[in-house]
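Note: the block below is start_7.txt and it holds compact mmCIF, C-alpha atoms and all ligand atoms.
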# COMPACT_ATOMS: atom_id res chain seq x y z
CA MET A 1205 34.16 -28.04 -10.12
CA ARG A 1206 31.15 -29.70 -8.52
CA MET A 1207 31.16 -29.96 -4.77
CA ARG A 1208 30.41 -33.31 -3.16
CA LYS A 1209 27.10 -33.37 -1.33
CA LYS A 1210 27.74 -32.99 2.38
CA ARG A 1211 27.29 -36.00 4.64
CA HIS A 1212 23.96 -36.13 6.49
CA LEU A 1213 22.88 -33.00 4.63
CA GLU A 1214 19.18 -33.27 5.43
CA ALA A 1215 19.65 -34.02 9.13
CA ARG A 1216 22.09 -31.12 9.44
CA MET A 1217 19.72 -28.77 7.60
CA GLU A 1218 17.00 -29.84 10.02
CA ALA A 1219 19.25 -28.98 12.97
CA CYS A 1220 19.49 -25.41 11.57
CA ALA A 1221 15.73 -25.08 10.98
CA ASP A 1222 15.38 -22.31 13.57
CA ILE A 1223 17.57 -19.92 11.54
CA LEU A 1224 16.43 -21.04 8.06
CA LEU A 1225 13.41 -19.02 6.92
CA CYS A 1226 12.69 -20.76 3.64
CA ARG A 1227 13.90 -23.28 1.16
CA GLY A 1228 12.87 -22.89 -2.48
CA LYS A 1229 11.84 -25.87 -4.52
CA PRO A 1230 12.28 -26.19 -8.28
CA CYS A 1231 9.56 -24.43 -10.22
CA LYS A 1232 9.02 -23.52 -13.84
CA ASN A 1233 8.88 -19.77 -13.59
CA LEU A 1234 8.73 -16.84 -11.25
CA LYS A 1235 4.96 -16.57 -11.55
CA GLU A 1236 4.53 -20.15 -10.43
CA ALA A 1237 7.08 -19.64 -7.63
CA ALA A 1238 5.24 -16.54 -6.46
CA GLU A 1239 1.97 -18.45 -6.30
CA THR A 1240 3.46 -21.50 -4.61
CA PHE A 1241 5.74 -19.91 -2.07
CA ARG A 1242 4.59 -16.37 -1.47
CA SER A 1243 4.76 -15.67 2.20
CA LEU A 1244 6.26 -12.36 3.19
CA LEU A 1245 8.59 -12.35 6.17
CA ASP A 1246 7.49 -10.68 9.38
CA TYR A 1247 10.76 -9.23 10.73
CA ARG A 1248 9.35 -8.38 14.16
CA GLU A 1249 8.25 -11.96 14.63
CA ILE A 1250 11.55 -13.34 13.28
CA PHE A 1251 14.04 -11.09 15.08
CA GLY A 1252 11.90 -9.88 17.98
CA ASN A 1253 12.74 -6.22 17.22
CA ASP A 1254 12.36 -3.49 14.60
CA ASN A 1255 16.05 -3.05 13.81
CA PRO A 1256 17.10 -2.21 10.22
CA VAL A 1257 17.43 -5.20 7.90
CA GLU A 1258 20.23 -5.80 5.36
CA LEU A 1259 20.58 -8.59 2.82
CA GLU A 1260 23.51 -10.51 1.34
CA ILE A 1261 22.83 -12.32 -1.94
CA GLY A 1262 25.06 -15.34 -2.59
CA CYS A 1263 26.45 -15.55 0.96
CA GLY A 1264 28.55 -18.65 0.27
CA ASN A 1265 30.15 -20.02 3.44
CA GLY A 1266 28.94 -17.01 5.43
CA GLY A 1267 32.25 -15.42 6.49
CA PHE A 1268 31.11 -11.92 5.51
CA ILE A 1269 27.67 -11.96 7.12
CA LEU A 1270 28.99 -13.53 10.31
CA GLU A 1271 31.58 -10.78 10.81
CA LYS A 1272 29.13 -8.05 9.74
CA ALA A 1273 26.51 -9.22 12.25
CA LYS A 1274 29.15 -9.41 14.98
CA ARG A 1275 30.26 -5.82 14.29
CA GLU A 1276 26.74 -4.41 13.91
CA ARG A 1277 24.52 -5.99 16.52
CA GLY A 1278 21.89 -3.27 16.20
CA LYS A 1279 21.01 -4.52 12.73
CA ASN A 1280 19.40 -7.69 11.39
CA PHE A 1281 20.84 -9.63 8.46
CA LEU A 1282 19.31 -11.92 5.86
CA ALA A 1283 21.71 -14.22 4.00
CA LEU A 1284 20.40 -15.65 0.74
CA GLU A 1285 22.12 -18.54 -1.03
CA LEU A 1286 21.01 -20.83 -3.82
CA CYS A 1287 23.23 -23.79 -2.99
CA THR A 1288 22.09 -25.93 -0.04
CA ASN A 1289 25.49 -27.57 0.39
CA VAL A 1290 27.09 -24.15 0.82
CA ILE A 1291 24.45 -22.43 2.96
CA LEU A 1292 24.68 -25.30 5.44
CA THR A 1293 28.27 -24.34 6.31
CA ALA A 1294 27.21 -20.73 6.82
CA MET A 1295 24.30 -21.75 9.05
CA GLU A 1296 26.40 -24.08 11.16
CA ARG A 1297 28.94 -21.31 11.70
CA VAL A 1298 26.21 -18.89 12.77
CA LYS A 1299 24.74 -21.43 15.19
CA ALA A 1300 28.17 -22.01 16.72
CA SER A 1301 28.64 -18.22 17.10
CA GLY A 1302 25.45 -17.76 19.11
CA LEU A 1303 24.57 -14.61 17.08
CA SER A 1304 20.83 -13.94 16.99
CA ASN A 1305 20.68 -11.28 14.25
CA ILE A 1306 21.17 -13.49 11.15
CA ARG A 1307 18.62 -15.61 9.28
CA PHE A 1308 18.96 -17.58 6.04
CA LEU A 1309 17.01 -18.06 2.82
CA ASN A 1310 17.97 -21.09 0.73
CA ILE A 1311 16.39 -19.85 -2.50
CA PRO A 1312 17.49 -18.38 -5.84
CA ALA A 1313 17.60 -14.57 -5.82
CA GLU A 1314 15.11 -14.70 -8.69
CA ILE A 1315 12.30 -15.38 -6.20
CA ALA A 1316 13.53 -13.10 -3.36
CA GLU A 1317 10.45 -10.90 -3.66
CA CYS A 1318 8.20 -13.86 -2.77
CA TYR A 1319 9.57 -13.60 0.77
CA ILE A 1320 11.24 -10.23 1.31
CA PRO A 1321 8.71 -7.43 1.83
CA PRO A 1322 8.89 -4.50 -0.60
CA ARG A 1323 10.93 -1.44 0.52
CA SER A 1324 12.26 -3.27 3.59
CA ILE A 1325 16.01 -3.58 2.93
CA GLY A 1326 18.59 -0.87 3.63
CA VAL A 1327 21.60 -2.48 1.92
CA ILE A 1328 22.05 -5.38 -0.51
CA TYR A 1329 25.55 -6.89 -0.49
CA LEU A 1330 26.80 -8.63 -3.64
CA ASN A 1331 30.16 -10.20 -2.82
CA PHE A 1332 31.96 -11.95 -5.66
CA SER A 1333 28.83 -12.90 -7.57
CA THR A 1334 29.66 -15.27 -10.42
CA PRO A 1335 30.67 -13.04 -13.38
CA LEU A 1336 29.18 -15.35 -16.07
CA PRO A 1337 31.02 -13.77 -19.03
CA GLU A 1338 29.16 -15.83 -21.65
CA LYS A 1339 26.70 -13.60 -23.51
CA SER A 1340 24.06 -16.34 -23.31
CA ARG A 1341 24.10 -16.13 -19.49
CA GLU A 1342 23.80 -12.36 -19.22
CA LYS A 1343 20.35 -12.52 -17.65
CA GLN A 1344 21.69 -14.73 -14.85
CA ARG A 1345 24.28 -12.18 -13.77
CA LEU A 1346 23.23 -10.79 -10.40
CA THR A 1347 23.60 -7.20 -11.64
CA SER A 1348 21.65 -7.61 -14.90
CA SER A 1349 18.69 -5.28 -15.41
CA ARG A 1350 16.38 -8.18 -14.51
CA PHE A 1351 17.89 -8.39 -11.02
CA LEU A 1352 18.15 -4.62 -10.57
CA THR A 1353 14.39 -4.46 -11.12
CA ILE A 1354 13.95 -6.94 -8.25
CA TYR A 1355 16.41 -5.09 -5.99
CA LYS A 1356 14.59 -1.79 -6.56
CA LYS A 1357 11.44 -3.38 -5.17
CA LEU A 1358 13.21 -4.76 -2.09
CA LEU A 1359 15.27 -1.66 -1.25
CA LYS A 1360 14.08 1.23 0.87
CA GLU A 1361 13.82 4.55 -0.95
CA ASP A 1362 17.32 5.56 0.15
CA GLY A 1363 18.70 1.99 0.01
CA ARG A 1364 21.87 0.92 -1.73
CA ILE A 1365 23.76 -1.98 -3.28
CA GLU A 1366 27.38 -2.62 -2.23
CA GLN A 1367 29.26 -4.77 -4.71
CA LYS A 1368 32.73 -6.33 -4.69
CA THR A 1369 34.23 -8.44 -7.46
CA ASP A 1370 37.53 -9.66 -8.84
CA SER A 1371 36.37 -9.36 -12.46
CA GLU A 1372 36.98 -6.00 -14.13
CA GLU A 1373 34.74 -6.95 -17.04
CA PHE A 1374 31.84 -7.83 -14.72
CA PHE A 1375 32.51 -4.68 -12.70
CA ASP A 1376 32.28 -2.41 -15.76
CA TYR A 1377 29.18 -4.27 -16.90
CA SER A 1378 27.60 -3.73 -13.45
CA LEU A 1379 28.44 0.00 -13.32
CA ALA A 1380 26.76 0.46 -16.71
CA ARG A 1381 23.63 -1.40 -15.55
CA TYR A 1382 23.39 0.70 -12.33
CA GLU A 1383 23.58 3.95 -14.30
CA GLU A 1384 21.07 2.71 -16.84
CA ALA A 1385 18.65 1.74 -14.06
CA GLY A 1386 18.89 5.21 -12.47
CA PHE A 1387 21.12 4.37 -9.49
CA SER A 1388 23.79 6.85 -8.50
CA VAL A 1389 27.19 5.15 -8.39
CA THR A 1390 29.66 6.19 -5.67
CA ASP A 1391 32.73 4.97 -3.77
CA VAL A 1392 34.22 3.33 -6.85
CA THR A 1393 37.62 1.73 -6.36
CA ARG A 1394 39.58 -0.55 -8.63
CA ASP A 1395 41.96 -1.60 -5.89
CA LEU A 1396 39.97 -1.91 -2.68
CA HIS A 1397 42.82 -3.21 -0.55
CA ARG A 1398 44.89 -0.12 -1.33
CA SER A 1399 42.02 2.34 -0.95
CA PRO A 1400 40.59 4.31 1.99
CA TYR A 1401 37.78 1.72 2.19
CA ALA A 1402 40.24 -1.04 3.12
CA ALA A 1403 40.19 -0.25 6.86
CA GLU A 1404 36.53 -1.24 7.29
CA ASN A 1405 36.49 -3.94 4.66
CA ILE A 1406 35.42 -7.47 5.64
CA VAL A 1407 37.40 -9.93 3.51
CA THR A 1408 35.19 -12.75 2.19
CA GLU A 1409 36.36 -16.31 1.42
CA TYR A 1410 36.52 -15.65 -2.33
CA GLU A 1411 38.21 -12.30 -1.77
CA GLN A 1412 40.91 -13.98 0.32
CA ASN A 1413 41.65 -16.40 -2.53
CA PHE A 1414 41.76 -13.73 -5.22
CA SER A 1415 43.91 -11.29 -3.29
CA ALA A 1416 46.32 -14.07 -2.28
CA LYS A 1417 46.94 -14.43 -6.04
CA GLY A 1418 47.74 -10.70 -6.23
CA MET A 1419 44.50 -9.79 -8.03
CA PRO A 1420 42.98 -6.34 -7.35
CA ILE A 1421 39.48 -6.17 -5.87
CA PHE A 1422 36.87 -3.87 -7.43
CA ARG A 1423 34.18 -2.22 -5.31
CA ALA A 1424 31.31 0.19 -5.88
CA VAL A 1425 28.15 1.40 -4.17
CA ALA A 1426 24.93 2.00 -6.13
CA VAL A 1427 22.49 4.28 -4.32
CA MET A 1428 18.74 4.42 -5.01
CA GLU A 1429 17.63 7.78 -6.39
CA GLY A 1430 14.31 9.22 -7.51
CA THR A 1431 15.31 8.34 -11.08
CA CYS A 1432 15.34 4.63 -10.16
CA MET A 1433 11.58 4.65 -9.86
CA LYS A 1434 11.12 6.28 -13.26
CA ARG A 1435 13.21 3.64 -14.97
CA GLU A 1436 11.24 0.51 -14.25
CA THR A 1437 11.68 -2.34 -16.68
CA PRO A 1438 9.03 -5.06 -16.93
CA THR A 1439 9.54 -7.97 -14.52
CA GLU A 1440 11.06 -10.99 -16.22
CA VAL A 1441 8.91 -14.05 -15.57
CA GLN A 1442 11.01 -16.72 -17.23
CA TYR A 1443 12.86 -18.63 -14.56
CA VAL A 1444 14.00 -22.21 -14.86
CA VAL A 1445 15.80 -23.91 -11.95
N1 LIG B 1501 29.97 -14.27 -1.23
C1 LIG B 1501 30.84 -15.41 -1.09
C2 LIG B 1501 30.62 -16.45 -2.21
C3 LIG B 1501 30.83 -15.95 -3.61
S1 LIG B 1501 30.53 -17.20 -4.87
C4 LIG B 1501 32.29 -14.96 -1.01
O1 LIG B 1501 32.57 -13.82 -1.38
O2 LIG B 1501 33.13 -15.74 -0.56
C5 LIG B 1501 28.93 -16.75 -5.44
C6 LIG B 1501 27.81 -17.40 -4.63
O3 LIG B 1501 26.57 -16.94 -5.16
C7 LIG B 1501 27.78 -18.93 -4.74
O4 LIG B 1501 27.75 -19.50 -3.45
C8 LIG B 1501 26.50 -19.23 -5.54
O5 LIG B 1501 25.87 -20.44 -5.15
C9 LIG B 1501 25.65 -18.01 -5.22
N2 LIG B 1501 24.65 -17.70 -6.26
C10 LIG B 1501 24.86 -17.65 -7.59
N3 LIG B 1501 23.72 -17.33 -8.25
C11 LIG B 1501 22.77 -17.17 -7.30
C12 LIG B 1501 21.39 -16.85 -7.34
N4 LIG B 1501 20.77 -16.63 -8.50
N5 LIG B 1501 20.71 -16.78 -6.18
C13 LIG B 1501 21.34 -17.01 -4.99
N6 LIG B 1501 22.64 -17.31 -4.89
C14 LIG B 1501 23.36 -17.39 -6.02
Write out the structure in this file as structure tokens.
Ligand code: SAH
Amino acid sequence: MRMRKKRHLEARMEACADILLCRGKPCKNLKEAAETFRSLLDYREIFGNDNPVELEIGCGNGGFILEKAKRERGKNFLALELCTNVILTAMERVKASGLSNIRFLNIPAEIAECYIPPRSIGVIYLNFSTPLPEKSREKQRLTSSRFLTIYKKLLKEDGRIEQKTDSEEFFDYSLARYEEAGFSVTDVTRDLHRSPYAAENIVTEYEQNFSAKGMPIFRAVAVMEGTCMKRETPTEVQYVV
């Protein structure tokens, strides 16, 4: 289902300009994007401190990152989201909260490395990324080897990916990709809400919908290891918006 464009979208985006770090424009491929937009973020200038930085990819309406930043004020958070209509809601919620440790990137994850400095992220959160079961869309899945190559560049040496999903098929696919890429997979649960991890869990908007229908939630953590570095795959340059 396509969402209706929000009223006064541009004016409202403008009103959030102080917490929006960048907005990607359509470009033919990653190489072109890198040349056009490359400008690495200076966290000290942005946040006014040297606190650890974590990243959510596909933040949606921002429920997760808002609660996370509230609970962990000694950390800084980047929330990346492709869809302008959606990120606007998240930004307006953050502005209303008065929290100062969240900033937004309205870009596709494919060009994250144009902005996010290498080895600067402690944790990448992937919450209910679109499973895209069609074989033809495999490369667009946010845990495909193409994206894991990008994440390895962004993550600190001991960094990790924390993933939640409602799709068992996508979950199994992701676990296989992590192993293949040299990550060490831990904290696997196929029923998060009935697991020891439930107590600390922040329920996202999508998660709320799926669990209200009685669906189990799958969760895993993929930790960077020395072997990650040895298993580099060539960067994929084909990217069409
Ligand atoms: N994390 C939220 C939303 C999940 S829906 C929640 O749990 O409630 C998945 C989100 O990922 C959508 O908002 C979609 O726009 C975003 N997304 C999908 N592909 C993306 C990409 N390549 N780069 C950035 N965001 C993406």
**OP:** Identify, counting all atoms listed in the file, the protein, DNA and RNA residues located within 8 Å of ligand LIG 1501 (chain B), and give them as a count of residues only.
**Re:** 33
**OP:** Identify, on the basis of all atoms listed in the file, every residue whose closest approach to Leu1224 (chain A) does not exceed 8 Å; exclude the query and any residue fewer than 5 positions from it along the same chain; express the result as an MDAnalysis selection string.
**Re:** chainID A and resid 1295 1307:1310
Write out, as a compact mmCIF listing (two decimals), keeping the file's coordinate frame, the residues just selected, with C-alpha atoms.
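Produced file again-v3.txt, reproduced below:
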# COMPACT_ATOMS: atom_id res chain seq x y z
CA MET A 1295 24.30 -21.75 9.05
CA ARG A 1307 18.62 -15.61 9.28
CA PHE A 1308 18.96 -17.58 6.04
CA LEU A 1309 17.01 -18.06 2.82
CA ASN A 1310 17.97 -21.09 0.73
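A straight line drawn from CA of Pro1400 (chain A) to CA of Ala1294 (chain A) is 28.8 Å long.
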Closest atom pairs, residues of region 1279-1389 of chain A within 10 Å of region 1215-1219 of chain A, only C-alpha atoms, as a Markdown table:
| residue | atom | partner | partner_atom | distance |
| --- | --- | --- | --- | --- |
| A:Thr1288 | CA | A:Met1217 | CA | 8.5 |
| A:Asn1289 | CA | A:Met1217 | CA | 9.3 |
| A:Ile1291 | CA | A:Met1217 | CA | 9.2 |
| A:Leu1292 | CA | A:Met1217 | CA | 6.4 |
| A:Thr1293 | CA | A:Arg1216 | CA | 9.7 |
| A:Met1295 | CA | A:Met1217 | CA | 8.5 |
| A:Glu1296 | CA | A:Arg1216 | CA | 8.4 |
| A:Lys1299 | CA | A:Ala1219 | CA | 9.6 |
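Among the candidates A:Cys1318, A:Leu1244, A:Ile1269, A:Val1427, the one nearest to Val1389 (chain A) when counting all atoms listed in the file is A:Val1427.
Nearest residue to Glu1429 (chain A) among A:Glu1361, A:Glu1372, A:Glu1383, A:Asp1395 is A:Glu1361, counting all atoms listed in the file.
Neighbours of Asp1246 (chain A) closer than or equal to 12 Å, with all atoms listed in the file counted and sequence neighbours fewer than 4 positions away skipped, come out as Leu1225, Ile1250, Phe1251, Gly1252, Asn1253, Asp1254, Val1257, Tyr1319, Ile1320, Pro1321, Pro1322 and Ser1324 of chain A.
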Original post:
Hey, what's within 6 Å of Glu1258 (chain A) if we count all atoms listed in the file and toss same-chain stuff fewer than 6 positions away? As an NGL selection string, please?
Top reply: :A and (1281 or 1325-1327)
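In this comparison, which uses only C-alpha atoms, the residue of A:Arg1208, A:Ala1273, A:Tyr1401, A:Leu1282 approaching Gly1302 (chain A) most closely is A:Ala1273.
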Put a box with edges along x, y and z around all the listed atoms of region 1337-1353 of chain A, pad it by 5 Å on each side, then give me its centre and sizes in Å, one decimal, as lines of an AutoDock Vina configuration file.
center_x = 22.7
center_y = -10.4
center_z = -17.0
size_x = 26.6
size_y = 21.9
size_z = 23.1
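When all atoms listed in the file are used to compute distances to Gly1386 (chain A), the closest of the residues A:Lys1417, A:Lys1209, A:Arg1341, A:Lys1356 turns out to be A:Lys1356.
Going from CA of Phe1414 (chain A) over to CA of Leu1213 (chain A), you cover 28.7 Å.
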Original post:
Of the candidates A:Glu1317, A:Lys1343, A:Arg1423, A:Lys1279, which shows the shortest atom-to-atom distance to Leu1358 (chain A), using all atoms listed in the file?
Top reply: A:Glu1317
